[in-house]
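J.: Got protein_32.cif for you, mmCIF, N, CA, C and O atoms:
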```cif
data_model
#
loop_
_atom_site.label_atom_id
_atom_site.label_comp_id
_atom_site.auth_asym_id
_atom_site.auth_seq_id
_atom_site.Cartn_x
_atom_site.Cartn_y
_atom_site.Cartn_z
N MET A 1102 202.59 150.27 12.48
CA MET A 1102 202.92 150.99 11.28
C MET A 1102 202.58 152.47 11.48
O MET A 1102 201.50 152.81 11.93
N LEU A 1103 203.51 153.33 11.17
CA LEU A 1103 203.32 154.77 11.25
C LEU A 1103 202.62 155.25 9.98
O LEU A 1103 202.99 154.87 8.88
N ARG A 1104 201.59 156.04 10.14
CA ARG A 1104 200.87 156.59 8.99
C ARG A 1104 200.82 158.10 9.11
O ARG A 1104 200.81 158.65 10.19
N LEU A 1105 200.74 158.74 7.96
CA LEU A 1105 200.54 160.18 7.91
C LEU A 1105 199.06 160.45 8.10
O LEU A 1105 198.21 159.64 7.75
N ALA A 1106 198.73 161.62 8.63
CA ALA A 1106 197.32 161.95 8.85
C ALA A 1106 196.54 161.87 7.55
O ALA A 1106 195.38 161.45 7.55
N SER A 1107 197.15 162.23 6.45
CA SER A 1107 196.44 162.20 5.17
C SER A 1107 196.10 160.78 4.73
O SER A 1107 195.23 160.58 3.88
N GLN A 1108 196.76 159.78 5.29
CA GLN A 1108 196.50 158.39 4.93
C GLN A 1108 195.41 157.76 5.79
O GLN A 1108 195.00 156.63 5.54
N LEU A 1109 194.94 158.48 6.79
CA LEU A 1109 193.91 157.96 7.68
C LEU A 1109 192.52 158.28 7.14
O LEU A 1109 192.34 159.27 6.43
N SER A 1110 191.56 157.49 7.53
CA SER A 1110 190.17 157.80 7.18
C SER A 1110 189.75 159.05 7.96
O SER A 1110 190.36 159.39 8.98
N PRO A 1111 188.70 159.74 7.51
CA PRO A 1111 188.23 160.89 8.27
C PRO A 1111 187.90 160.55 9.73
O PRO A 1111 188.19 161.34 10.63
N GLU A 1112 187.36 159.38 9.96
CA GLU A 1112 187.03 158.97 11.33
C GLU A 1112 188.30 158.79 12.16
O GLU A 1112 188.36 159.18 13.33
N ALA A 1113 189.31 158.17 11.57
CA ALA A 1113 190.58 157.96 12.28
C ALA A 1113 191.28 159.29 12.54
O ALA A 1113 191.90 159.48 13.59
N ARG A 1114 191.19 160.23 11.59
CA ARG A 1114 191.77 161.57 11.81
C ARG A 1114 191.09 162.27 12.98
O ARG A 1114 191.75 162.91 13.80
N ALA A 1115 189.76 162.16 13.03
CA ALA A 1115 189.03 162.79 14.13
C ALA A 1115 189.44 162.17 15.47
O ALA A 1115 189.62 162.89 16.46
N GLN A 1116 189.60 160.86 15.50
CA GLN A 1116 190.04 160.19 16.74
C GLN A 1116 191.45 160.63 17.11
O GLN A 1116 191.75 160.87 18.27
N PHE A 1117 192.33 160.73 16.12
CA PHE A 1117 193.70 161.20 16.36
C PHE A 1117 193.67 162.60 16.98
O PHE A 1117 194.35 162.86 17.97
N ALA A 1118 192.87 163.50 16.39
CA ALA A 1118 192.79 164.87 16.91
C ALA A 1118 192.29 164.88 18.35
O ALA A 1118 192.83 165.59 19.20
N ARG A 1119 191.26 164.09 18.64
CA ARG A 1119 190.75 164.01 20.02
C ARG A 1119 191.83 163.52 20.98
O ARG A 1119 191.97 164.03 22.08
N THR A 1120 192.58 162.53 20.54
CA THR A 1120 193.65 161.97 21.38
C THR A 1120 194.72 163.01 21.66
O THR A 1120 195.13 163.21 22.81
N VAL A 1121 195.18 163.69 20.63
CA VAL A 1121 196.26 164.67 20.79
C VAL A 1121 195.81 165.84 21.66
O VAL A 1121 196.59 166.35 22.47
N ARG A 1122 194.57 166.27 21.50
CA ARG A 1122 194.04 167.37 22.33
C ARG A 1122 194.16 167.07 23.83
O ARG A 1122 194.29 167.99 24.63
N ASN A 1123 194.09 165.80 24.18
CA ASN A 1123 194.11 165.42 25.59
C ASN A 1123 195.50 165.05 26.11
O ASN A 1123 195.62 164.62 27.26
N LEU A 1124 196.52 165.21 25.29
CA LEU A 1124 197.89 164.92 25.72
C LEU A 1124 198.55 166.19 26.25
O LEU A 1124 198.24 167.30 25.80
N PRO A 1125 199.50 166.06 27.19
CA PRO A 1125 200.21 167.23 27.70
C PRO A 1125 201.36 167.63 26.76
O PRO A 1125 202.54 167.47 27.08
N CYS A 1126 200.99 168.10 25.58
CA CYS A 1126 201.99 168.46 24.59
C CYS A 1126 201.45 169.54 23.66
O CYS A 1126 200.29 169.90 23.73
N ARG A 1127 202.31 170.05 22.80
CA ARG A 1127 201.89 170.96 21.72
C ARG A 1127 201.76 170.12 20.46
O ARG A 1127 202.52 169.19 20.24
N TRP A 1128 200.81 170.47 19.60
CA TRP A 1128 200.57 169.72 18.37
C TRP A 1128 200.86 170.63 17.18
O TRP A 1128 200.19 171.63 16.97
N ILE A 1129 201.87 170.27 16.41
CA ILE A 1129 202.18 170.97 15.17
C ILE A 1129 201.77 170.07 14.02
O ILE A 1129 202.25 168.94 13.91
N SER A 1130 200.87 170.56 13.18
CA SER A 1130 200.47 169.81 11.99
C SER A 1130 200.87 170.61 10.76
O SER A 1130 200.97 171.84 10.81
N ASN A 1131 201.11 169.91 9.68
CA ASN A 1131 201.47 170.54 8.41
C ASN A 1131 200.89 169.65 7.31
O ASN A 1131 201.56 168.72 6.86
N GLU A 1132 199.66 169.92 6.94
CA GLU A 1132 198.92 169.04 6.05
C GLU A 1132 198.20 169.83 4.97
O GLU A 1132 197.97 171.03 5.12
N ALA A 1133 197.80 169.13 3.93
CA ALA A 1133 196.95 169.72 2.91
C ALA A 1133 195.65 170.18 3.58
O ALA A 1133 195.21 169.57 4.56
N PRO A 1134 195.05 171.26 3.10
CA PRO A 1134 193.84 171.78 3.75
C PRO A 1134 192.73 170.75 3.90
O PRO A 1134 191.96 170.81 4.86
N SER A 1135 192.64 169.80 3.00
CA SER A 1135 191.56 168.81 3.07
C SER A 1135 191.74 167.80 4.21
O SER A 1135 190.79 167.12 4.58
N VAL A 1136 192.92 167.72 4.78
CA VAL A 1136 193.17 166.73 5.84
C VAL A 1136 192.46 167.12 7.14
O VAL A 1136 191.84 166.28 7.79
N PHE A 1137 192.55 168.38 7.53
CA PHE A 1137 191.85 168.89 8.70
C PHE A 1137 191.01 170.09 8.24
O PHE A 1137 191.37 171.25 8.47
N PRO A 1138 189.87 169.84 7.58
CA PRO A 1138 189.09 170.91 6.97
C PRO A 1138 188.58 171.96 7.94
O PRO A 1138 188.31 173.09 7.53
N ALA A 1139 188.47 171.66 9.23
CA ALA A 1139 188.03 172.66 10.19
C ALA A 1139 188.99 173.85 10.25
O ALA A 1139 188.59 174.95 10.60
N LEU A 1140 190.25 173.62 9.89
CA LEU A 1140 191.23 174.71 9.88
C LEU A 1140 190.90 175.77 8.84
O LEU A 1140 191.26 176.93 8.97
N LEU A 1141 190.20 175.38 7.77
CA LEU A 1141 189.88 176.32 6.70
C LEU A 1141 189.06 177.50 7.22
O LEU A 1141 189.25 178.63 6.77
N ASP A 1142 188.16 177.24 8.15
CA ASP A 1142 187.34 178.32 8.72
C ASP A 1142 188.15 179.27 9.59
O ASP A 1142 187.69 180.37 9.90
N LEU A 1143 189.34 178.86 9.99
CA LEU A 1143 190.18 179.67 10.88
C LEU A 1143 191.27 180.43 10.14
O LEU A 1143 192.00 181.21 10.75
N LEU A 1144 191.40 180.20 8.82
CA LEU A 1144 192.46 180.86 8.06
C LEU A 1144 192.24 182.37 8.02
O LEU A 1144 191.13 182.82 7.75
N PRO A 1145 193.30 183.16 8.26
CA PRO A 1145 193.15 184.61 8.22
C PRO A 1145 193.14 185.18 6.79
O PRO A 1145 192.85 186.35 6.60
N GLU A 1146 193.46 184.33 5.82
CA GLU A 1146 193.46 184.74 4.41
C GLU A 1146 193.22 183.49 3.57
O GLU A 1146 193.45 182.38 4.02
N PRO A 1147 192.72 183.69 2.34
CA PRO A 1147 192.45 182.51 1.49
C PRO A 1147 193.73 181.75 1.14
O PRO A 1147 194.80 182.34 0.98
N ALA A 1148 193.59 180.45 1.03
CA ALA A 1148 194.72 179.62 0.61
C ALA A 1148 195.03 179.88 -0.85
O ALA A 1148 194.10 180.04 -1.66
N PRO A 1149 196.30 179.95 -1.22
CA PRO A 1149 196.66 180.12 -2.63
C PRO A 1149 196.09 178.98 -3.47
O PRO A 1149 196.04 177.84 -3.02
N THR A 1150 195.66 179.31 -4.66
CA THR A 1150 195.10 178.28 -5.55
C THR A 1150 196.00 178.00 -6.74
O THR A 1150 195.71 177.12 -7.53
N ASP A 1151 197.11 178.73 -6.85
CA ASP A 1151 198.00 178.57 -8.00
C ASP A 1151 199.12 177.55 -7.76
O ASP A 1151 199.95 177.33 -8.62
N ARG A 1152 199.14 176.92 -6.57
CA ARG A 1152 200.17 175.92 -6.26
C ARG A 1152 199.67 175.05 -5.11
O ARG A 1152 198.73 175.41 -4.41
N ALA A 1153 200.32 173.92 -4.94
CA ALA A 1153 200.00 173.04 -3.82
C ALA A 1153 200.40 173.76 -2.53
O ALA A 1153 201.51 174.27 -2.42
N THR A 1154 199.50 173.81 -1.59
CA THR A 1154 199.73 174.53 -0.35
C THR A 1154 199.25 173.71 0.83
O THR A 1154 198.18 173.12 0.78
N PHE A 1155 200.05 173.68 1.88
CA PHE A 1155 199.68 173.04 3.13
C PHE A 1155 199.36 174.12 4.15
O PHE A 1155 199.77 175.27 4.00
N VAL A 1156 198.65 173.73 5.20
CA VAL A 1156 198.38 174.63 6.31
C VAL A 1156 199.15 174.11 7.51
O VAL A 1156 198.95 172.98 7.94
N MET A 1157 200.05 174.94 8.04
CA MET A 1157 200.74 174.60 9.28
C MET A 1157 199.91 175.16 10.43
O MET A 1157 199.46 176.31 10.36
N ALA A 1158 199.70 174.33 11.43
CA ALA A 1158 198.90 174.76 12.58
C ALA A 1158 199.60 174.36 13.87
O ALA A 1158 200.30 173.35 13.93
N LEU A 1159 199.41 175.18 14.87
CA LEU A 1159 199.90 174.89 16.22
C LEU A 1159 198.67 174.72 17.10
O LEU A 1159 197.86 175.66 17.23
N ASP A 1160 198.51 173.55 17.65
CA ASP A 1160 197.35 173.25 18.50
C ASP A 1160 196.04 173.61 17.80
O ASP A 1160 195.16 174.25 18.37
N GLU A 1161 195.93 173.19 16.55
CA GLU A 1161 194.74 173.38 15.72
C GLU A 1161 194.42 174.85 15.42
O GLU A 1161 193.29 175.22 15.17
N ARG A 1162 195.45 175.68 15.44
CA ARG A 1162 195.31 177.09 15.08
C ARG A 1162 196.26 177.37 13.92
O ARG A 1162 197.48 177.23 14.08
N PRO A 1163 195.76 177.74 12.74
CA PRO A 1163 196.65 177.98 11.59
C PRO A 1163 197.67 179.08 11.88
O PRO A 1163 197.33 180.12 12.44
N ILE A 1164 198.93 178.80 11.50
CA ILE A 1164 199.98 179.80 11.71
C ILE A 1164 200.74 180.14 10.43
O ILE A 1164 201.43 181.15 10.39
N ALA A 1165 200.60 179.31 9.38
CA ALA A 1165 201.34 179.58 8.14
C ALA A 1165 200.82 178.72 7.00
O ALA A 1165 200.22 177.67 7.23
N PHE A 1166 201.09 179.18 5.78
CA PHE A 1166 200.97 178.34 4.60
C PHE A 1166 202.37 177.82 4.31
O PHE A 1166 203.35 178.55 4.45
N THR A 1167 202.46 176.57 3.89
CA THR A 1167 203.76 175.99 3.53
C THR A 1167 203.64 175.25 2.21
O THR A 1167 202.55 174.88 1.79
N GLY A 1168 204.80 175.04 1.59
CA GLY A 1168 204.85 174.20 0.41
C GLY A 1168 205.02 172.75 0.84
O GLY A 1168 205.58 172.47 1.91
N PRO A 1169 204.56 171.81 0.03
CA PRO A 1169 204.63 170.39 0.40
C PRO A 1169 206.05 169.89 0.68
O PRO A 1169 206.22 168.93 1.42
N HIS A 1170 207.03 170.53 0.10
CA HIS A 1170 208.41 170.06 0.29
C HIS A 1170 209.30 171.14 0.90
O HIS A 1170 210.51 171.14 0.72
N GLY A 1171 208.69 172.07 1.59
CA GLY A 1171 209.45 173.10 2.29
C GLY A 1171 209.90 174.26 1.42
O GLY A 1171 210.66 175.11 1.88
N GLU A 1172 209.43 174.33 0.20
CA GLU A 1172 209.88 175.41 -0.69
C GLU A 1172 209.16 176.73 -0.43
O GLU A 1172 209.52 177.76 -1.00
N LEU A 1173 208.17 176.74 0.45
CA LEU A 1173 207.41 177.94 0.74
C LEU A 1173 207.08 177.96 2.23
O LEU A 1173 206.73 176.94 2.81
N LEU A 1174 207.21 179.13 2.83
CA LEU A 1174 206.78 179.33 4.21
C LEU A 1174 206.25 180.75 4.30
O LEU A 1174 207.00 181.71 4.14
N HIS A 1175 204.96 180.88 4.51
CA HIS A 1175 204.30 182.18 4.61
C HIS A 1175 203.60 182.25 5.96
O HIS A 1175 202.53 181.69 6.15
N TRP A 1176 204.27 182.93 6.93
CA TRP A 1176 203.69 183.05 8.27
C TRP A 1176 202.51 184.00 8.22
O TRP A 1176 202.54 185.01 7.52
N PHE A 1177 201.49 183.74 8.99
CA PHE A 1177 200.37 184.66 9.12
C PHE A 1177 200.76 185.76 10.10
O PHE A 1177 201.31 185.48 11.17
N VAL A 1178 200.49 186.99 9.74
CA VAL A 1178 200.89 188.13 10.56
C VAL A 1178 200.33 188.02 11.97
O VAL A 1178 201.01 188.31 12.95
N ASP A 1179 199.10 187.59 12.09
CA ASP A 1179 198.46 187.52 13.40
C ASP A 1179 198.56 186.12 14.02
O ASP A 1179 197.70 185.74 14.81
N ALA A 1180 199.60 185.39 13.70
CA ALA A 1180 199.72 184.01 14.19
C ALA A 1180 199.92 183.96 15.71
O ALA A 1180 199.60 182.97 16.34
N ASP A 1181 200.45 185.04 16.32
CA ASP A 1181 200.63 185.10 17.76
C ASP A 1181 201.37 183.87 18.29
O ASP A 1181 200.90 183.16 19.17
N LEU A 1182 202.53 183.62 17.70
CA LEU A 1182 203.32 182.46 18.08
C LEU A 1182 203.95 182.66 19.45
O LEU A 1182 204.38 183.76 19.81
N PRO A 1183 204.03 181.59 20.24
CA PRO A 1183 204.70 181.71 21.55
C PRO A 1183 206.20 181.91 21.35
O PRO A 1183 206.80 181.34 20.45
N VAL A 1184 206.76 182.76 22.17
CA VAL A 1184 208.19 183.04 22.10
C VAL A 1184 208.83 182.55 23.39
O VAL A 1184 208.36 182.87 24.48
N ALA A 1185 209.89 181.77 23.25
CA ALA A 1185 210.58 181.25 24.43
C ALA A 1185 211.28 182.38 25.15
O ALA A 1185 211.90 183.25 24.53
N SER A 1186 211.18 182.42 26.45
CA SER A 1186 211.88 183.44 27.23
C SER A 1186 213.31 183.00 27.46
O SER A 1186 213.62 181.82 27.52
N GLU A 1187 214.16 183.98 27.61
CA GLU A 1187 215.59 183.66 27.83
C GLU A 1187 215.89 183.52 29.29
O GLU A 1187 215.28 184.02 30.14
#
```
Would you kindly transcribe this structure into structure tokens?

T.:
Amino acid sequence: MLRLASQLSPEARAQFARTVRNLPCRWISNEAPSVFPALLDLLPEPAPTDRATFVMALDERPIAFTGPHGELLHWFVDADLPVASE
């Protein structure tokens, strides 16, 4: 059964994060701030409190605030996103 990270226990989320860190891949997460609370310490600006907001992260580094259903995308200026070369 496939589960969302928010549906896992904190212990299972921590195990998931450890597993993904050791895979040869990039990890994009887009979850409510409470799902991976360590990301809160890395935010370059406070999370909005007037609406539901998710934190998008690339390899456990916050890169944007998003809306739960895609209605909002606010990239962080200093996100330093990788750019594909041509």

J.: So which one's closest to Phe1177 in chain A, A:Leu1159, A:Asp1151, A:Pro1145, A:Leu1140? Using only N, CA, C and O atoms, please.

T.: A:Pro1145

J.: Translate the PyMOL selection byres (((chain A and resi 1126-1139 and name CA) around 6) and name CA) into a concrete residue list for this structure, as a PyMOL selection string.

T.: chain A and resi 1107+1124-1125+1140-1142+1155-1160

J.: Could you check how far atom C of Phe1117 in chain A sits from atom O of Thr1150 in chain A, in Å to one decimal?

T.: 28.6 Å

J.: How far is it from CA of His1175 in chain A to CA of Leu1109 in chain A, in Å with one decimal?

T.: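 Calculated distance between CA of His1175 in chain A and CA of Leu1109 in chain A is 26.5 Å.
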
J.: I'd like the interatomic distance between atom C of Arg1119 in chain A and atom O of Ile1164 in chain A, to a tenth of an Å.

T.: 22.7 Å

J.: If the PyMOL selection byres ((chain A and resi 1176) around 8) is run on the structure shown, which residues does it catch, given as a list of chain:residue names?

T.: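 So the PyMOL selection byres ((chain A and resi 1176) around 8) ends up selecting A:Pro1163, A:Ile1164, A:Ala1165, A:Phe1166, A:Thr1167, A:Leu1173, A:Leu1174, A:His1175, A:Phe1177, A:Val1178, A:Asp1179, A:Ala1180.
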
J.: For a cut-off of 7 Å around (204.1, 174.2, -3.9), file coordinates, pick out all residues using only C-alpha atoms and list them as a list in words.

T.: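 Looking at atoms near the point gives Arg1152, Ala1153, Thr1154, Gly1168, Pro1169, Glu1172 and Leu1173 of chain A.
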
J.: Return as a list in words the full set of residues in chain A whose backbone-based DSSP assignment is helix (DSSP H, G or I).

T.: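 Answer for chain A, restricted to helix (DSSP H, G or I): Ala1106, Ser1107, Gln1108, Pro1111, Glu1112, Ala1113, Arg1114, Ala1115, Gln1116, Phe1117, Ala1118, Arg1119, Thr1120, Val1121, Arg1122, Pro1138, Ala1139, Leu1140, Leu1141, Asp1142 and Leu1143 of chain A.
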
J.: I need the residue nearest Ala1118 in chain A from this list: A:Leu1105, A:Leu1144, A:Gly1171, A:Glu1161. Use only C-alpha atoms for the distance.

T.: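 Closest residue, counting only C-alpha atoms: A:Glu1161.
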